[in-house]
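Visitor: Supplied structure: target30.tsv, TSV, C-alpha atoms and all ligand atoms.
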chain	number	residue	atom	x	y	z
A	1	MET	CA	-51.13	-32.92	-42.63
A	2	HIS	CA	-51.39	-29.41	-41.36
A	3	GLU	CA	-51.67	-30.61	-37.74
A	4	ILE	CA	-48.51	-32.79	-38.03
A	5	LEU	CA	-46.50	-29.90	-39.46
A	6	LYS	CA	-47.56	-27.71	-36.58
A	7	GLY	CA	-46.59	-30.41	-34.05
A	8	GLY	CA	-43.19	-30.88	-35.73
A	9	ALA	CA	-42.47	-27.18	-35.60
A	10	ALA	CA	-43.32	-27.07	-31.90
A	11	VAL	CA	-40.90	-29.92	-31.15
A	12	TYR	CA	-38.24	-28.18	-33.19
A	13	VAL	CA	-38.73	-24.92	-31.27
A	14	LEU	CA	-38.59	-26.79	-27.95
A	15	LEU	CA	-35.36	-28.54	-28.98
A	16	VAL	CA	-33.75	-25.23	-29.94
A	17	LEU	CA	-34.84	-23.68	-26.61
A	18	LEU	CA	-33.41	-26.64	-24.71
A	19	ALA	CA	-30.11	-26.36	-26.58
A	20	VAL	CA	-29.89	-22.64	-25.80
A	21	MET	CA	-30.58	-23.31	-22.14
A	22	VAL	CA	-27.91	-26.02	-21.95
A	23	VAL	CA	-25.34	-23.73	-23.59
A	24	ALA	CA	-26.23	-20.86	-21.25
A	25	TRP	CA	-25.88	-23.17	-18.23
A	26	LEU	CA	-22.47	-24.40	-19.41
A	27	VAL	CA	-21.23	-20.86	-20.02
A	28	SER	CA	-22.39	-19.69	-16.58
A	29	ARG	CA	-20.64	-22.65	-14.93
A	30	LEU	CA	-17.40	-21.85	-16.73
A	31	ARG	CA	-17.60	-18.19	-15.79
A	32	TYR	CA	-18.32	-19.03	-12.16
A	33	ARG	CA	-15.31	-21.36	-12.01
A	34	ARG	CA	-13.05	-18.66	-13.46
A	35	TYR	CA	-14.46	-16.14	-10.98
A	36	ARG	CA	-13.85	-18.52	-8.07
A	37	ARG	CA	-10.28	-19.18	-9.20
A	38	THR	CA	-9.32	-15.51	-9.52
A	39	ALA	CA	-10.99	-14.70	-6.19
A	40	GLU	CA	-8.96	-17.44	-4.49
A	41	GLU	CA	-5.75	-16.25	-6.14
A	42	LYS	CA	-6.37	-12.68	-5.04
A	43	GLU	CA	-7.04	-13.83	-1.49
A	44	GLN	CA	-3.81	-15.82	-1.48
A	45	GLN	CA	-1.80	-12.86	-2.79
A	46	LYS	CA	-3.32	-10.62	-0.15
A	47	ARG	CA	-2.40	-13.04	2.63
A	48	GLU	CA	1.18	-13.32	1.38
A	49	SER	CA	1.73	-9.60	0.95
A	50	SER	CA	0.29	-8.80	4.37
A	51	LYS	CA	2.65	-11.36	5.85
A	52	ARG	CA	5.60	-9.79	4.05
A	53	ARG	CA	4.47	-6.33	5.03
A	54	TYR	CA	4.27	-7.19	8.71
A	55	VAL	CA	6.57	-5.14	10.95
A	56	THR	CA	6.54	-5.96	14.66
A	57	ALA	CA	6.67	-3.38	17.43
A	58	LYS	CA	10.07	-4.76	18.46
A	59	MET	CA	11.40	-4.17	14.94
A	60	LYS	CA	10.07	-0.61	14.96
A	61	GLU	CA	11.85	0.04	18.26
A	62	ARG	CA	15.14	-1.33	16.94
A	63	VAL	CA	14.91	0.71	13.71
A	64	LEU	CA	14.08	3.88	15.66
A	65	GLU	CA	17.12	3.32	17.86
A	66	ARG	CA	19.41	2.47	14.94
A	67	ASP	CA	18.38	5.62	13.04
A	68	ASN	CA	18.67	7.70	16.21
A	69	ALA	CA	14.97	8.68	15.95
A	70	THR	CA	15.95	11.00	13.11
A	71	CYS	CA	14.30	11.34	9.70
A	72	ARG	CA	16.72	9.86	7.19
A	73	ILE	CA	15.75	12.36	4.50
A	74	CYS	CA	15.44	15.77	6.10
A	75	GLY	CA	17.31	15.01	9.33
A	76	ILE	CA	14.65	16.33	11.67
A	77	SER	CA	14.50	14.72	15.12
A	78	LYS	CA	12.60	15.05	18.37
A	79	GLY	CA	15.84	16.08	20.08
A	80	TYR	CA	16.44	18.90	17.62
A	81	LEU	CA	12.93	20.28	18.04
A	82	ASP	CA	13.21	20.03	21.83
A	83	SER	CA	16.41	22.08	21.60
A	84	LEU	CA	14.40	24.83	19.89
A	85	ALA	CA	11.55	24.86	22.38
A	86	ASP	CA	10.73	22.58	25.27
A	87	GLY	CA	8.28	19.86	24.33
A	88	LEU	CA	8.23	20.80	20.62
A	89	GLY	CA	9.58	17.35	19.79
A	90	ASP	CA	6.31	15.78	20.92
A	91	TYR	CA	4.67	17.24	17.82
A	92	LEU	CA	6.98	15.40	15.44
A	93	LEU	CA	5.50	12.21	14.03
A	94	LEU	CA	8.19	9.73	13.04
A	95	GLU	CA	7.24	6.72	10.93
A	96	ILE	CA	8.86	3.47	9.86
A	97	ASP	CA	9.13	3.34	6.07
A	98	HIS	CA	9.98	0.56	3.63
A	99	ILE	CA	12.99	1.81	1.66
A	100	THR	CA	11.95	-0.35	-1.27
A	101	PRO	CA	8.13	-0.52	-1.12
A	102	VAL	CA	6.60	-3.97	-0.66
A	103	SER	CA	4.53	-3.25	-3.78
A	104	GLN	CA	7.79	-3.04	-5.72
A	105	GLY	CA	9.28	-6.24	-4.38
A	106	GLY	CA	10.82	-4.91	-1.17
A	107	THR	CA	10.75	-7.22	1.85
A	108	GLY	CA	8.56	-6.04	4.70
A	109	GLY	CA	10.00	-8.04	7.54
A	110	ASP	CA	13.60	-7.09	6.76
A	111	GLU	CA	15.07	-4.41	9.02
A	112	ASP	CA	17.63	-3.49	6.37
A	113	ASN	CA	14.69	-2.39	4.24
A	114	LEU	CA	13.24	-0.20	7.00
A	115	GLN	CA	14.10	3.37	7.86
A	116	VAL	CA	12.84	6.22	10.03
A	117	LEU	CA	11.14	9.05	8.17
A	118	CYS	CA	9.14	12.00	9.41
A	119	TRP	CA	5.54	11.92	8.22
A	120	ARG	CA	6.08	14.72	5.69
A	121	CYS	CA	8.97	13.00	3.97
A	122	ASN	CA	7.09	9.70	4.08
A	123	ARG	CA	4.03	11.23	2.36
A	124	LYS	CA	6.24	12.73	-0.33
A	125	LYS	CA	8.08	9.45	-0.83
A	126	GLY	CA	4.85	7.47	-1.20
A	127	GLY	CA	5.27	4.23	-3.09
A	128	THR	CA	7.28	5.52	-6.02
A	129	ARG	CA	10.05	7.93	-5.01
A	130	THR	CA	13.50	7.30	-3.56
A	131	ASN	CA	15.06	9.15	-0.61
A	132	GLU	CA	17.25	11.16	-2.99
A	133	GLU	CA	14.27	12.26	-5.10
A	134	VAL	CA	12.38	13.44	-2.00
A	135	ALA	CA	15.46	15.21	-0.64
A	136	GLY	CA	15.57	17.22	-3.88
A	137	MET	CA	11.92	18.27	-3.48
A	138	ILE	CA	11.65	19.39	0.11
A	139	ASP	CA	12.11	22.73	1.76
A	140	TYR	CA	10.63	22.60	5.24
A	141	GLY	CA	12.32	25.80	6.27
A	142	ILE	CA	14.51	24.01	8.80
A	143	ASP	CA	17.55	25.99	7.67
A	144	ARG	CA	15.58	29.21	7.97
A	145	VAL	CA	14.67	28.24	11.55
A	146	ARG	CA	18.37	27.60	12.28
A	147	VAL	CA	19.32	31.06	11.02
A	148	LYS	CA	16.55	32.69	13.07
A	149	LYS	CA	17.66	30.78	16.14
A	150	ARG	CA	21.25	31.88	15.66
A	151	ARG	CA	20.05	35.47	15.49
A	152	GLY	CA	17.90	35.01	18.56
A	153	LEU	CA	14.67	35.54	16.62
A	154	PHE	CA	13.12	32.16	17.31
A	155	ARG	CA	11.13	31.84	20.50
B	1	ZN	ZN	11.74	14.22	7.00
Do you think you could lay out the structure here as structure tokens?
Ligand SMILES: [Zn+2]
Guide:
Amino acid sequence: MHEILKGGAAVYVLLVLLAVMVVAWLVSRLRYRRYRRTAEEKEQQKRESSKRRYVTAKMKERVLERDNATCRICGISKGYLDSLADGLGDYLLLEIDHITPVSQGGTGGDEDNLQVLCWRCNRKKGGTRTNEEVAGMIDYGIDRVRVKKRRGLFR
């Protein structure tokens, strides 16, 4: 009698263990599937956004020409710097910026959504500010340079 009870308990324990293992296996499968699905979705989104973000060298050239190689916020240009001192314009880094950031629904491959900015204005604009907001923030001392130049102080 005692032996049978012991055997019954062992079977019971084994059954419970088996059930737990089956449940754990099912849960892990479900979690793996969900993980796979979200990973695939993320990959897809990344591919699409990089496609939308893509700006060709030809487009950059056209935008630079259209904007006269002048920052659309602060108005600085290579030509202006060269007029101050020979070769100074080479130090100006002009960038092509998305007016409405791609992260906020702007189209990357659309030239109407591209503009020329100097690197300082572009850093200030980031992914959240508008041209007008940046224009209200900046003081690069360009006007002070103009005054100095007029007075013959700038060399
Ligand atoms: Zn600028």
Visitor: Give the residues close to ligand ZN 1 (chain B), within 7 Å, counting only C-alpha atoms and all ligand atoms; write them as a VMD selection string.
Guide: chain A and resid 71 to 76 117 to 121
Visitor: Residues at most 8 Å from A:Val63, counting only C-alpha atoms, excluding those fewer than 2 positions away in the same chain, as number ranges by chain?
Guide: A: 59-61, 65-67, 96, 111, 114-116
Visitor: Kindly indicate which residue among A:Ser83, A:Asn122, A:Thr56, A:Thr107 lies nearest to A:Lys149, using only C-alpha atoms for the distances.
Guide: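 Checking each of A:Ser83, A:Asn122, A:Thr56, A:Thr107 against A:Lys149, counting only C-alpha atoms, the winner is A:Ser83.
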Visitor: State, in Å with one decimal place, the distance from atom CA of A:Val134 to atom CA of A:Asp90.
Guide: 23.8 Å
Visitor: Which polymer residues, protein or nucleic acid, are no farther than 12 Å from (7.7, -5.1, -0.8), counting all atoms listed in the file, as number ranges by chain?
Guide: A: 48-55, 97-110, 113-114, 127-128
Visitor: Separation of atom CA of A:Lys58 and atom CA of A:Leu93, in Å?
Guide: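 We find that atom CA of A:Lys58 and atom CA of A:Leu93 lie 18.1 Å from each other.
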Visitor: What is the atom CA of A:Leu26-atom CA of A:Thr38 distance in Å, reported with one decimal?
Guide: 18.7 Å
Visitor: Identify which of the residues A:Glu133, A:Leu64, A:Lys148, A:Glu40 lies closest to A:Leu84, counting only C-alpha atoms when measuring atom-to-atom distances.
Guide: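 Of the candidates, the smallest distance to A:Leu84 is held by A:Lys148.
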Visitor: With 6 Å on each side, where is the centre of the axis-aligned box around all listed atoms of stretch 116-125 of chain A, and how long are its edges in Å to one decimal, as AutoDock Vina command-line options?
Guide:
--center_x 8.4 --center_y 10.5 --center_z 4.6 --size_x 20.8 --size_y 20.5 --size_z 22.9
